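Okay, upload_16.txt now, which holds compact mmCIF, C-alpha atoms:
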```
# COMPACT_ATOMS: atom_id res chain seq x y z
CA MET A 267 73.87 82.86 81.16
CA ALA A 268 75.24 84.82 84.12
CA ASP A 269 74.65 88.51 84.69
CA LEU A 270 77.95 90.28 84.02
CA ARG A 271 76.72 93.78 84.85
CA ILE A 272 78.62 95.57 87.59
CA ASP A 273 78.08 98.59 89.78
CA LEU A 274 81.34 100.10 90.98
CA ALA A 275 80.57 102.89 93.44
CA GLY A 276 77.54 103.87 91.36
CA ILE A 277 79.28 103.50 88.00
CA LYS A 278 77.36 100.90 86.02
CA SER A 279 78.62 98.96 83.01
CA PRO A 280 77.39 95.92 81.04
CA ASN A 281 80.40 93.83 82.10
CA PRO A 282 83.44 94.14 84.38
CA PHE A 283 85.96 94.58 81.55
CA TRP A 284 87.20 98.14 81.17
CA LEU A 285 90.10 99.51 79.19
CA ALA A 286 92.60 101.25 81.45
CA SER A 287 93.72 104.82 80.94
CA ALA A 288 96.48 104.31 78.37
CA PRO A 289 97.19 104.48 74.62
CA PRO A 290 94.11 102.31 73.78
CA THR A 291 91.81 105.03 75.18
CA ASN A 292 93.56 107.98 73.60
CA SER A 293 90.68 109.05 71.36
CA GLY A 294 86.96 108.78 70.73
CA TYR A 295 87.63 106.66 67.67
CA GLN A 296 89.44 104.05 69.75
CA VAL A 297 86.99 104.01 72.65
CA GLN A 298 84.03 103.67 70.30
CA ARG A 299 85.75 100.77 68.52
CA ALA A 300 86.36 99.17 71.91
CA PHE A 301 82.70 99.49 72.90
CA GLU A 302 81.66 97.99 69.59
CA ALA A 303 83.96 95.05 70.32
CA GLY A 304 82.27 94.47 73.69
CA TRP A 305 84.25 96.33 76.36
CA GLY A 306 82.00 97.45 79.19
CA GLY A 307 83.83 100.64 80.01
CA ALA A 308 86.88 102.77 79.33
CA VAL A 309 89.01 105.06 81.43
CA TRP A 310 89.95 107.86 79.04
CA LYS A 311 93.67 108.50 78.63
CA THR A 312 94.66 110.92 81.36
CA LEU A 313 93.51 114.49 80.81
CA GLY A 314 95.36 117.58 81.98
CA ASP A 315 97.51 120.23 80.41
CA PRO A 316 98.69 118.66 77.12
CA ILE A 317 102.32 117.58 77.11
CA LEU A 318 105.04 116.79 74.58
CA ASN A 319 105.94 113.13 74.19
CA VAL A 320 109.25 111.65 73.05
CA SER A 321 110.14 109.02 70.45
CA SER A 322 110.60 106.14 71.00
CA ARG A 323 108.37 105.31 73.96
CA PHE A 324 107.72 101.58 74.34
CA ALA A 325 109.77 98.49 75.10
CA ALA A 326 108.88 94.91 75.92
CA VAL A 327 110.46 92.11 77.88
CA SER A 328 110.04 88.68 76.32
CA PHE A 329 110.77 85.51 78.27
CA ASN A 330 111.32 81.94 77.16
CA GLY A 331 109.65 82.52 73.83
CA GLN A 332 106.71 84.50 75.17
CA ARG A 333 106.40 87.89 73.54
CA VAL A 334 105.54 90.84 75.77
CA ALA A 335 105.78 89.06 79.10
CA GLY A 336 106.31 92.57 80.41
CA PHE A 337 105.77 95.98 78.85
CA ASN A 338 107.59 99.23 79.55
CA ASN A 339 106.63 102.75 78.48
CA ILE A 340 107.86 106.31 78.87
CA GLU A 341 104.75 107.86 77.35
CA LEU A 342 103.02 110.62 79.31
CA ILE A 343 99.41 111.76 79.62
CA THR A 344 97.40 113.07 76.67
CA ASP A 345 99.19 115.20 74.13
CA ARG A 346 95.87 116.27 72.60
CA PRO A 347 94.04 119.51 73.52
CA LEU A 348 91.56 119.18 76.38
CA GLU A 349 88.77 120.66 74.26
CA VAL A 350 89.22 117.95 71.62
CA ASN A 351 89.14 115.18 74.23
CA LEU A 352 86.03 116.63 75.87
CA GLN A 353 84.18 116.84 72.58
CA GLU A 354 85.03 113.23 71.79
CA ILE A 355 83.97 112.10 75.26
CA TYR A 356 80.63 113.83 74.76
CA GLU A 357 80.11 112.22 71.36
CA THR A 358 81.14 108.77 72.61
CA LYS A 359 78.84 108.90 75.65
CA LYS A 360 75.95 110.04 73.47
CA ARG A 361 76.50 107.09 71.14
CA PHE A 362 77.08 104.54 73.93
CA PRO A 363 74.94 105.70 76.87
CA ASN A 364 75.03 102.35 78.67
CA HIS A 365 78.81 101.99 78.67
CA ALA A 366 80.98 103.44 81.41
CA ILE A 367 83.24 106.35 80.53
CA ILE A 368 85.57 107.47 83.28
CA ALA A 369 87.82 110.48 82.89
CA SER A 370 91.35 110.00 84.19
CA LEU A 371 92.66 113.30 85.51
CA MET A 372 96.05 114.73 86.45
CA VAL A 373 96.79 118.33 87.30
CA GLU A 374 99.08 120.24 89.63
CA PRO A 375 98.31 119.76 93.33
CA LYS A 376 96.31 122.98 93.52
CA GLN A 377 92.70 123.19 94.64
CA GLU A 378 91.60 125.55 91.87
CA LYS A 379 93.19 123.36 89.19
CA TRP A 380 91.25 120.31 90.37
CA HIS A 381 87.99 122.22 90.66
CA GLU A 382 88.36 123.57 87.15
CA ILE A 383 89.07 120.29 85.38
CA VAL A 384 86.41 118.38 87.35
CA LYS A 385 83.74 120.81 86.27
CA ARG A 386 84.82 120.71 82.64
CA VAL A 387 84.87 116.94 82.31
CA GLU A 388 81.63 116.41 84.21
CA ASP A 389 79.90 118.88 81.91
CA VAL A 390 80.38 116.46 78.97
CA GLY A 391 78.69 113.56 80.71
CA VAL A 392 81.35 111.26 82.16
CA ASP A 393 80.18 108.54 84.54
CA GLY A 394 83.03 109.01 86.96
CA LEU A 395 86.50 110.37 87.59
CA GLU A 396 89.78 108.54 88.18
CA LEU A 397 92.56 110.56 89.81
CA ASN A 398 95.91 109.51 88.41
CA PHE A 399 98.25 109.46 91.40
CA GLY A 400 100.33 106.69 89.90
CA CYS A 401 102.23 107.63 86.73
CA PRO A 402 105.90 107.10 87.71
CA HIS A 403 107.71 108.97 84.95
CA GLY A 404 107.75 112.39 83.34
CA MET A 405 104.79 113.76 85.25
CA ALA A 406 106.25 112.79 88.62
CA GLU A 407 109.18 115.08 87.93
CA ARG A 408 106.62 117.88 87.70
CA GLY A 409 105.11 117.11 91.10
CA MET A 410 102.20 115.08 89.73
CA GLY A 411 101.45 111.38 89.27
CA SER A 412 103.36 109.17 91.69
CA ALA A 413 105.07 112.21 93.23
CA SER A 414 101.65 112.96 94.71
CA GLY A 415 100.65 109.32 95.09
CA GLN A 416 103.63 108.50 97.31
CA VAL A 417 102.62 111.12 99.89
CA PRO A 418 99.50 110.11 101.86
CA GLU A 419 98.80 113.70 102.88
CA LEU A 420 98.73 114.81 99.24
CA VAL A 421 96.51 111.88 98.26
CA GLU A 422 94.03 112.78 100.97
CA LYS A 423 94.12 116.52 100.29
CA GLN A 424 93.72 116.28 96.51
CA THR A 425 90.96 113.68 96.80
CA TYR A 426 89.15 116.04 99.16
CA TRP A 427 89.52 118.91 96.69
CA VAL A 428 88.06 116.80 93.92
CA LYS A 429 85.16 115.68 96.11
CA GLU A 430 84.39 119.32 96.85
CA ALA A 431 83.55 119.85 93.18
CA ALA A 432 82.59 116.41 91.89
CA LYS A 433 79.06 115.23 91.28
CA THR A 434 80.10 111.82 89.91
CA PRO A 435 81.92 108.99 91.74
CA VAL A 436 85.63 109.52 92.36
CA ILE A 437 88.12 106.67 91.94
CA VAL A 438 91.67 107.18 93.20
CA LYS A 439 94.33 105.32 91.18
CA LEU A 440 97.24 104.30 93.40
CA THR A 441 100.93 103.90 92.70
CA PRO A 442 102.65 100.58 93.48
CA ASN A 443 105.96 102.42 93.91
CA ILE A 444 105.52 102.59 97.65
CA THR A 445 106.23 100.39 100.67
CA ASP A 446 102.61 99.81 101.70
CA ILE A 447 99.79 100.62 99.30
CA THR A 448 97.19 100.36 102.05
CA VAL A 449 98.57 103.55 103.61
CA THR A 450 97.76 105.64 100.54
CA ALA A 451 94.49 103.77 100.01
CA GLU A 452 93.44 104.72 103.52
CA ALA A 453 94.44 108.32 102.78
CA ALA A 454 92.20 108.29 99.70
CA ILE A 455 89.32 107.04 101.84
CA ARG A 456 89.87 109.83 104.36
CA GLY A 457 89.74 112.28 101.46
CA GLY A 458 86.34 110.90 100.45
CA ALA A 459 87.19 108.51 97.59
CA ASP A 460 84.26 106.44 96.39
CA ALA A 461 86.57 103.72 95.06
CA VAL A 462 90.24 102.96 94.53
CA SER A 463 92.00 101.43 91.53
CA MET A 464 95.35 99.66 91.46
CA ILE A 465 97.97 99.26 90.32
CA ASN A 466 99.52 101.87 88.12
CA THR A 467 102.82 100.98 86.47
CA ILE A 468 105.99 100.02 88.33
CA ASN A 469 109.27 101.91 88.00
CA SER A 470 111.42 100.02 85.52
CA LEU A 471 114.15 99.92 82.91
CA ALA A 472 113.35 97.35 80.22
CA GLY A 473 116.94 96.59 79.28
CA VAL A 474 120.25 97.61 77.77
CA ASP A 475 121.28 96.92 74.16
CA LEU A 476 124.55 94.99 74.45
CA ASP A 477 125.73 96.13 71.00
CA THR A 478 125.12 99.88 71.33
CA TRP A 479 124.99 100.13 75.16
CA ASN A 480 121.88 102.26 74.79
CA THR A 481 118.96 101.76 77.14
CA VAL A 482 115.80 100.15 75.76
CA PRO A 483 114.00 102.25 74.71
CA HIS A 484 116.26 105.22 74.11
CA VAL A 485 115.75 108.74 72.84
CA ALA A 486 118.76 109.93 70.83
CA GLY A 487 121.05 107.75 72.91
CA LYS A 488 119.59 108.59 76.32
CA GLY A 489 117.05 106.70 78.39
CA ALA A 490 114.90 107.15 81.47
CA HIS A 491 112.98 104.94 83.83
CA GLY A 492 109.49 104.09 82.69
CA GLY A 493 106.37 102.29 83.83
CA TYR A 494 106.23 98.48 83.80
CA CYS A 495 103.04 96.52 83.20
CA GLY A 496 101.81 93.38 81.46
CA PRO A 497 101.58 89.74 82.60
CA ALA A 498 104.80 89.97 84.64
CA VAL A 499 103.26 92.39 87.15
CA LYS A 500 100.06 90.42 87.80
CA PRO A 501 101.24 88.76 91.07
CA ILE A 502 102.31 92.16 92.45
CA ALA A 503 99.01 93.77 91.50
CA LEU A 504 96.94 90.86 92.83
CA ASN A 505 98.70 91.07 96.19
CA MET A 506 98.06 94.80 96.47
CA VAL A 507 94.38 94.36 95.61
CA ALA A 508 94.13 91.61 98.22
CA GLU A 509 95.85 93.69 100.90
CA CYS A 510 93.40 96.52 100.35
CA ALA A 511 90.37 94.24 100.09
CA ARG A 512 91.05 92.68 103.49
CA ASN A 513 91.72 96.00 105.20
CA PRO A 514 88.55 97.06 107.08
CA LEU A 515 89.49 100.73 106.75
CA ILE A 516 89.40 100.47 102.94
CA ASN A 517 85.67 99.87 102.70
CA VAL A 518 85.12 101.01 99.11
CA PRO A 519 85.02 99.12 95.80
CA ILE A 520 88.28 98.28 94.04
CA SER A 521 89.02 98.42 90.33
CA GLY A 522 91.77 95.86 89.68
CA ILE A 523 94.59 96.60 87.24
CA GLY A 524 97.85 94.87 86.39
CA GLY A 525 98.69 92.09 83.96
CA ILE A 526 95.13 90.98 83.29
CA SER A 527 95.23 89.12 79.98
CA ASN A 528 92.28 86.72 80.00
CA TRP A 529 89.08 85.82 81.85
CA GLN A 530 90.97 83.66 84.33
CA ASP A 531 93.10 86.62 85.41
CA ALA A 532 89.97 88.74 85.75
CA ALA A 533 88.23 86.10 87.85
CA GLU A 534 91.23 85.94 90.19
CA PHE A 535 91.15 89.71 90.73
CA ILE A 536 87.40 89.64 91.33
CA LEU A 537 87.73 86.77 93.81
CA MET A 538 90.38 88.81 95.63
CA GLY A 539 88.09 91.79 96.01
CA ALA A 540 87.97 93.73 92.74
CA THR A 541 84.49 94.71 91.56
CA GLY A 542 85.79 95.15 88.02
CA VAL A 543 89.06 95.06 86.12
CA GLN A 544 90.98 97.30 83.75
CA VAL A 545 93.10 96.02 80.86
CA CYS A 546 95.83 97.70 78.82
CA THR A 547 98.81 95.60 77.72
CA ALA A 548 96.79 92.61 76.50
CA ALA A 549 94.69 94.90 74.31
CA MET A 550 97.83 96.56 72.93
CA HIS A 551 99.30 93.13 72.19
CA HIS A 552 96.26 91.44 70.68
CA GLY A 553 93.66 94.11 69.90
CA PHE A 554 90.22 94.92 71.24
CA SER A 555 88.67 91.62 70.14
CA ILE A 556 90.20 89.77 73.13
CA VAL A 557 87.24 90.93 75.19
CA GLU A 558 85.01 88.43 73.40
CA ASP A 559 86.87 85.49 74.94
CA MET A 560 86.96 87.28 78.28
CA ILE A 561 83.19 87.69 78.30
CA ASP A 562 82.49 84.14 77.12
CA GLY A 563 85.01 82.61 79.51
CA LEU A 564 83.73 84.47 82.58
CA ASN A 565 80.13 83.65 81.63
CA ASN A 566 80.89 79.96 81.32
CA TYR A 567 82.86 79.94 84.57
CA LEU A 568 80.01 81.53 86.51
CA ASP A 569 77.50 79.13 84.95
CA ASP A 570 79.69 76.15 85.88
CA LYS A 571 79.92 77.42 89.45
CA GLY A 572 76.17 78.05 89.62
CA ILE A 573 76.71 81.76 90.30
CA ALA A 574 74.01 84.00 88.84
CA SER A 575 75.86 87.34 88.88
CA VAL A 576 79.50 88.36 88.68
CA MET A 577 78.82 90.69 91.61
CA ASP A 578 78.28 87.57 93.72
CA LEU A 579 81.87 86.51 92.97
CA VAL A 580 83.45 89.69 94.32
CA GLY A 581 85.74 89.05 97.27
CA ARG A 582 84.93 85.37 97.75
CA SER A 583 88.63 84.54 98.33
CA VAL A 584 89.51 87.49 100.54
CA SER A 585 88.85 85.62 103.80
CA ARG A 586 91.36 82.98 102.68
CA TYR A 587 94.17 85.55 102.43
CA SER A 588 95.90 86.27 105.72
CA ASN A 589 99.29 86.80 107.35
CA TRP A 590 102.10 84.24 107.48
CA GLY A 591 101.75 84.06 111.24
CA ASP A 592 98.19 82.76 110.86
CA LEU A 593 99.14 79.75 108.72
CA ASP A 594 99.00 76.22 110.15
CA LEU A 595 102.55 75.05 110.91
CA ASN A 596 101.37 71.45 111.12
CA TYR A 597 99.64 71.21 107.75
CA LYS A 598 101.44 68.64 105.61
CA ILE A 599 101.62 68.02 101.87
CA VAL A 600 104.16 65.94 99.99
CA ALA A 601 105.10 65.31 96.37
CA GLU A 602 103.98 62.11 94.69
CA ILE A 603 105.54 61.01 91.38
CA ASN A 604 103.60 58.98 88.81
CA ASN A 605 106.29 56.99 87.00
CA ASP A 606 103.81 55.87 84.35
CA VAL A 607 103.56 59.50 83.22
CA CYS A 608 107.11 60.64 84.04
CA ILE A 609 109.40 61.08 81.02
CA ASN A 610 112.59 60.82 83.12
CA CYS A 611 113.85 64.28 82.27
CA ASN A 612 115.06 64.40 85.90
CA LYS A 613 114.35 68.12 86.27
CA CYS A 614 112.58 67.43 89.54
CA HIS A 615 115.54 65.45 90.91
CA ILE A 616 118.04 68.11 89.86
CA ALA A 617 115.95 70.92 91.34
CA CYS A 618 115.40 69.07 94.59
CA GLU A 619 119.00 67.86 94.89
CA ASP A 620 120.62 71.19 94.07
CA THR A 621 118.23 73.76 95.51
CA SER A 622 115.71 72.15 97.83
CA HIS A 623 115.71 69.24 100.36
CA GLN A 624 117.33 66.27 98.57
CA CYS A 625 114.31 64.02 99.01
CA ILE A 626 113.88 62.52 95.51
CA ASP A 627 115.70 59.24 94.89
CA LEU A 628 116.70 57.78 91.55
CA TYR A 629 116.43 54.00 91.17
CA THR A 630 116.07 51.33 88.49
CA GLU A 631 113.21 48.85 88.21
CA ASP A 632 112.93 46.27 85.44
CA GLY A 633 115.76 48.04 83.69
CA ARG A 634 113.90 51.36 83.67
CA PRO A 635 114.97 54.48 85.59
CA LYS A 636 112.40 55.68 88.10
CA LEU A 637 111.97 58.37 90.74
CA LYS A 638 110.56 58.20 94.23
CA VAL A 639 109.96 60.83 96.90
CA ARG A 640 111.07 60.09 100.45
CA GLU A 641 108.04 61.50 102.18
CA GLU A 642 109.67 61.75 105.60
CA ASP A 643 112.13 64.29 104.16
CA CYS A 644 109.73 66.13 101.81
CA VAL A 645 108.71 69.57 103.07
CA GLY A 646 105.99 70.11 100.48
CA CYS A 647 107.71 73.10 98.90
CA ASN A 648 106.12 72.44 95.45
CA LEU A 649 109.40 73.03 93.57
CA CYS A 650 109.45 69.64 91.84
CA SER A 651 105.87 70.03 90.58
CA ILE A 652 106.67 73.54 89.38
CA VAL A 653 109.67 72.54 87.26
CA CYS A 654 108.07 69.34 85.93
CA PRO A 655 107.17 69.78 82.23
CA VAL A 656 104.53 67.02 82.17
CA ASP A 657 101.01 67.47 83.54
CA GLY A 658 100.11 64.76 86.02
CA ALA A 659 103.61 63.46 86.54
CA ILE A 660 103.96 65.05 89.98
CA THR A 661 101.05 65.70 92.32
CA MET A 662 101.13 67.45 95.66
CA VAL A 663 99.02 65.41 98.07
CA GLU A 664 97.83 66.13 101.60
CA ARG A 665 98.93 63.90 104.46
CA LYS A 666 96.99 63.74 107.70
CA SER A 667 98.91 65.38 110.52
CA THR A 668 99.44 63.54 113.80
CA VAL A 669 99.30 66.82 115.73
CA PRO A 670 96.55 69.45 115.92
CA PRO A 671 96.74 72.66 113.87
CA MET A 672 98.86 75.45 115.29
CA THR A 673 99.92 78.77 113.82
CA TRP A 674 103.07 80.70 114.59
CA ASN A 675 101.03 83.35 116.40
CA GLU A 676 99.31 80.69 118.51
CA ARG A 677 102.65 79.08 119.25
CA GLN A 678 104.17 82.37 120.40
CA SER A 679 101.12 83.11 122.50
CA LEU A 680 101.36 79.69 124.14
CA ILE A 681 105.08 80.12 124.84
CA SER A 682 104.40 83.55 126.30
CA SER A 683 101.64 82.27 128.58
CA LEU A 684 103.75 79.34 129.82
CA SER A 685 106.65 81.63 130.64
CA LYS A 686 104.57 83.76 132.97
```

What would the structure in this file look like if it were written as C-alpha cells?
Amino acid sequence: MADLRIDLAGIKSPNPFWLASAPPTNSGYQVQRAFEAGWGGAVWKTLGDPILNVSSRFAAVSFNGQRVAGFNNIELITDRPLEVNLQEIYETKKRFPNHAIIASLMVEPKQEKWHEIVKRVEDVGVDGLELNFGCPHGMAERGMGSASGQVPELVEKQTYWVKEAAKTPVIVKLTPNITDITVTAEAAIRGGADAVSMINTINSLAGVDLDTWNTVPHVAGKGAHGGYCGPAVKPIALNMVAECARNPLINVPISGIGGISNWQDAAEFILMGATGVQVCTAAMHHGFSIVEDMIDGLNNYLDDKGIASVMDLVGRSVSRYSNWGDLDLNYKIVAEINNDVCINCNKCHIACEDTSHQCIDLYTEDGRPKLKVREEDCVGCNLCSIVCPVDGAITMVERKSTVPPMTWNERQSLISSLSK
C-alpha cells in the first residue's frame, strides 16, 4: 500500500484529499464528520466579519443527463460569529490532531485587520492559513475577495501583512477571473506566500427560467452573478495549475482546486504539479463518503505504477506541458476505424464531413455499409474518435514521419537565420 501522506509547505495530512473552504466546512460538526469519513484535511469556511446571506443561493447546470455538471452559488463567507468558529476549530483540532485544519481568511485590505485575525485564528491551533483572494461575488463589491485578487499589488501587500504576523504556513488562494493567473501567483510569492491554491470560482450566471424570465437562482425576482465550480471547470483549473507549476518564479507548493470529483481527477492535478487537492462540489453532490473511493483508487493506482509515495507523483507531467510553439509540426497521427466494432451510426462521418476535413469515406462490402479513413487527408484532429459512442471502434494511431521533428519556434528561427 502506498504512502498517501503529504507535506504541503509544512502542513502535514494523512492523505492529499482536503475539503475546500465552502458550505461543507461551515462548522465543527461537519468537519469532524468529514475527518471520520477519511478526509485528510479541511479548509474552514472563510472567516471574517460575519455577513448576511440571501435565499436562494445555489444553482446547477446539468448536461446530457448528468446532474450537476456545473455548480453556481451566490453564498458569501461565514455568517456565524468568529468566536463560535474559533471554538469549534479548537475542539476539532483537539479531537483530530493529525488532520490538517486550515483557516480561510478574508478581511478588508488593512494591515491591522489582517494582523488581528491571524493572531486570533492561530491561537486556536490551526495548521495553516489560506487567504481568500478569489471569491467573485458579494465580497468583491466590498473590496475583498477577487477585488483584491485581481490586483497583483494588493495580493503582494496583503500577503506580506499576513506574513508579518503569521507563525503557520500561508497559502494564497487565487482567482481565475483574471487574464494570467501566474501574474498574481508571482505577486503572492513576492509577498512571502508559502504556497498557492487555485482555482476559486469563476464568474457565472447559471441560467434564465424561460417561463418566469427570472435568473437562476433568483432572490425575490432579482439575480446576480455567482461563482461557478464543479466538473465543468476542471479543464480550466488544471491549466492554471499547470501554468503555475511550470513557472520557475512560482517555486512553492500548489493546492489544486476545481472540479475534482474522483481519484483520477486528483491524480491528474498531482501529476500537473499539485501537492494536494481540495474538493467541494463532489462532496456536496454525493456526501463525505466519496473520499473512501478516492483513497482506495489513488492507492491502487500508485501500487500499479510501483510508486511508493504520492509525493513522488507530484509534478511528473509538468515537463510535458509547454507552449504551442514548442510542439512538433511533423508529428503525425491518423484515425483508424475497426469495422468489426463499428455500429454504423455514422457520427464520425457526419462530424468529419460537416466540420472537419472530409476524410472518411462510406462504402459497401458484402452488402454491409463500412467506413474507411483516407489517411493522406486525415490531419489527426481526434474529432471522429471523440464523437464515436463505441469504445475501440476508432483508434488514433501514430504514423512514422518522413521528415525530422521541427517546432514552429525552430522553423521561425531557421527562416530568420536564412534571411540574414

Write out as a PDB file with C-alpha atoms, in the coordinates of the input which residues come within 12 Å of Val327 in chain A when counting all atoms listed in the file, dropping same-chain ones fewer than 4 positions away.
```pdb
ATOM      1  CA  GLY A 331     109.650  82.520  73.830  1.00  0.00           C
ATOM      2  CA  GLN A 332     106.710  84.500  75.170  1.00  0.00           C
ATOM      3  CA  ARG A 333     106.400  87.890  73.540  1.00  0.00           C
ATOM      4  CA  VAL A 334     105.540  90.840  75.770  1.00  0.00           C
ATOM      5  CA  ALA A 335     105.780  89.060  79.100  1.00  0.00           C
ATOM      6  CA  GLY A 336     106.310  92.570  80.410  1.00  0.00           C
ATOM      7  CA  PHE A 337     105.770  95.980  78.850  1.00  0.00           C
ATOM      8  CA  ASN A 338     107.590  99.230  79.550  1.00  0.00           C
ATOM      9  CA  ASN A 339     106.630 102.750  78.480  1.00  0.00           C
ATOM     10  CA  SER A 470     111.420 100.020  85.520  1.00  0.00           C
ATOM     11  CA  LEU A 471     114.150  99.920  82.910  1.00  0.00           C
ATOM     12  CA  ALA A 472     113.350  97.350  80.220  1.00  0.00           C
ATOM     13  CA  GLY A 473     116.940  96.590  79.280  1.00  0.00           C
ATOM     14  CA  VAL A 474     120.250  97.610  77.770  1.00  0.00           C
ATOM     15  CA  VAL A 482     115.800 100.150  75.760  1.00  0.00           C
ATOM     16  CA  PRO A 483     114.000 102.250  74.710  1.00  0.00           C
ATOM     17  CA  TYR A 494     106.230  98.480  83.800  1.00  0.00           C
ATOM     18  CA  CYS A 495     103.040  96.520  83.200  1.00  0.00           C
ATOM     19  CA  GLY A 496     101.810  93.380  81.460  1.00  0.00           C
ATOM     20  CA  PRO A 497     101.580  89.740  82.600  1.00  0.00           C
ATOM     21  CA  ALA A 498     104.800  89.970  84.640  1.00  0.00           C
ATOM     22  CA  VAL A 499     103.260  92.390  87.150  1.00  0.00           C
TER      23      VAL A 499
END
```

Give me, as a PDB file with C-alpha atoms, in the coordinates of the input, all polymer residues having an atom no more than 8 Å from Asn469 in chain A, counting only C-alpha atoms and skipping those fewer than 4 positions away in the same chain.
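Output saved as part-v8.pdb:
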```
ATOM      1  CA  PRO A 402     105.900 107.100  87.710  1.00  0.00           C
ATOM      2  CA  HIS A 403     107.710 108.970  84.950  1.00  0.00           C
ATOM      3  CA  ASN A 443     105.960 102.420  93.910  1.00  0.00           C
ATOM      4  CA  HIS A 491     112.980 104.940  83.830  1.00  0.00           C
ATOM      5  CA  GLY A 492     109.490 104.090  82.690  1.00  0.00           C
ATOM      6  CA  GLY A 493     106.370 102.290  83.830  1.00  0.00           C
ATOM      7  CA  TYR A 494     106.230  98.480  83.800  1.00  0.00           C
TER       8      TYR A 494
END
```

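Our summary of the geometry notes that CA of Gly294 in chain A is positioned 23.7 Å from CA of Thr467 in chain A.
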
> Which one of A:Ala325, A:Leu504, A:Ile343, A:Val639 sits closest to Ala490 in chain A if you count all atoms listed in the file?
Replying inline: A:Ala325

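Across the structure, CA of Ser463 in chain A and CA of Gly522 in chain A are spaced 5.9 Å apart.
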
> Which of these, A:Lys385, A:His552, A:Lys433, A:Lys278, has the shortest distance to Ile367 in chain A once you count only C-alpha atoms?
Replying inline: A:Lys278

> Could you pull the residues within 7 Å of Val663 in chain A, counting all atoms listed in the file, minus those fewer than 2 positions along the same chain, as number ranges by chain?
Replying inline: A: 599-602, 661, 665

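In terms of minimum interatomic distance to Leu628 in chain A, A:Ile603 ranks closest within A:Asp594, A:Ser651, A:Tyr356, A:Ile603, counting all atoms listed in the file.
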
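Restricting the calculation to all atoms listed in the file, the smallest distance between Asn604 in chain A and any of A:Asp657, A:Glu357, A:Glu664, A:Glu534 is found for A:Asp657.
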
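Counting all atoms listed in the file, the residue from A:Ser683, A:Met464, A:Val607, A:Thr630 that sits nearest to Pro655 in chain A is A:Val607.
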
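Distance annotation: of A:Val485, A:Ala451, A:Val384, A:Leu285, the residue with the minimal separation from Cys510 in chain A is A:Ala451; atom set is all atoms listed in the file.
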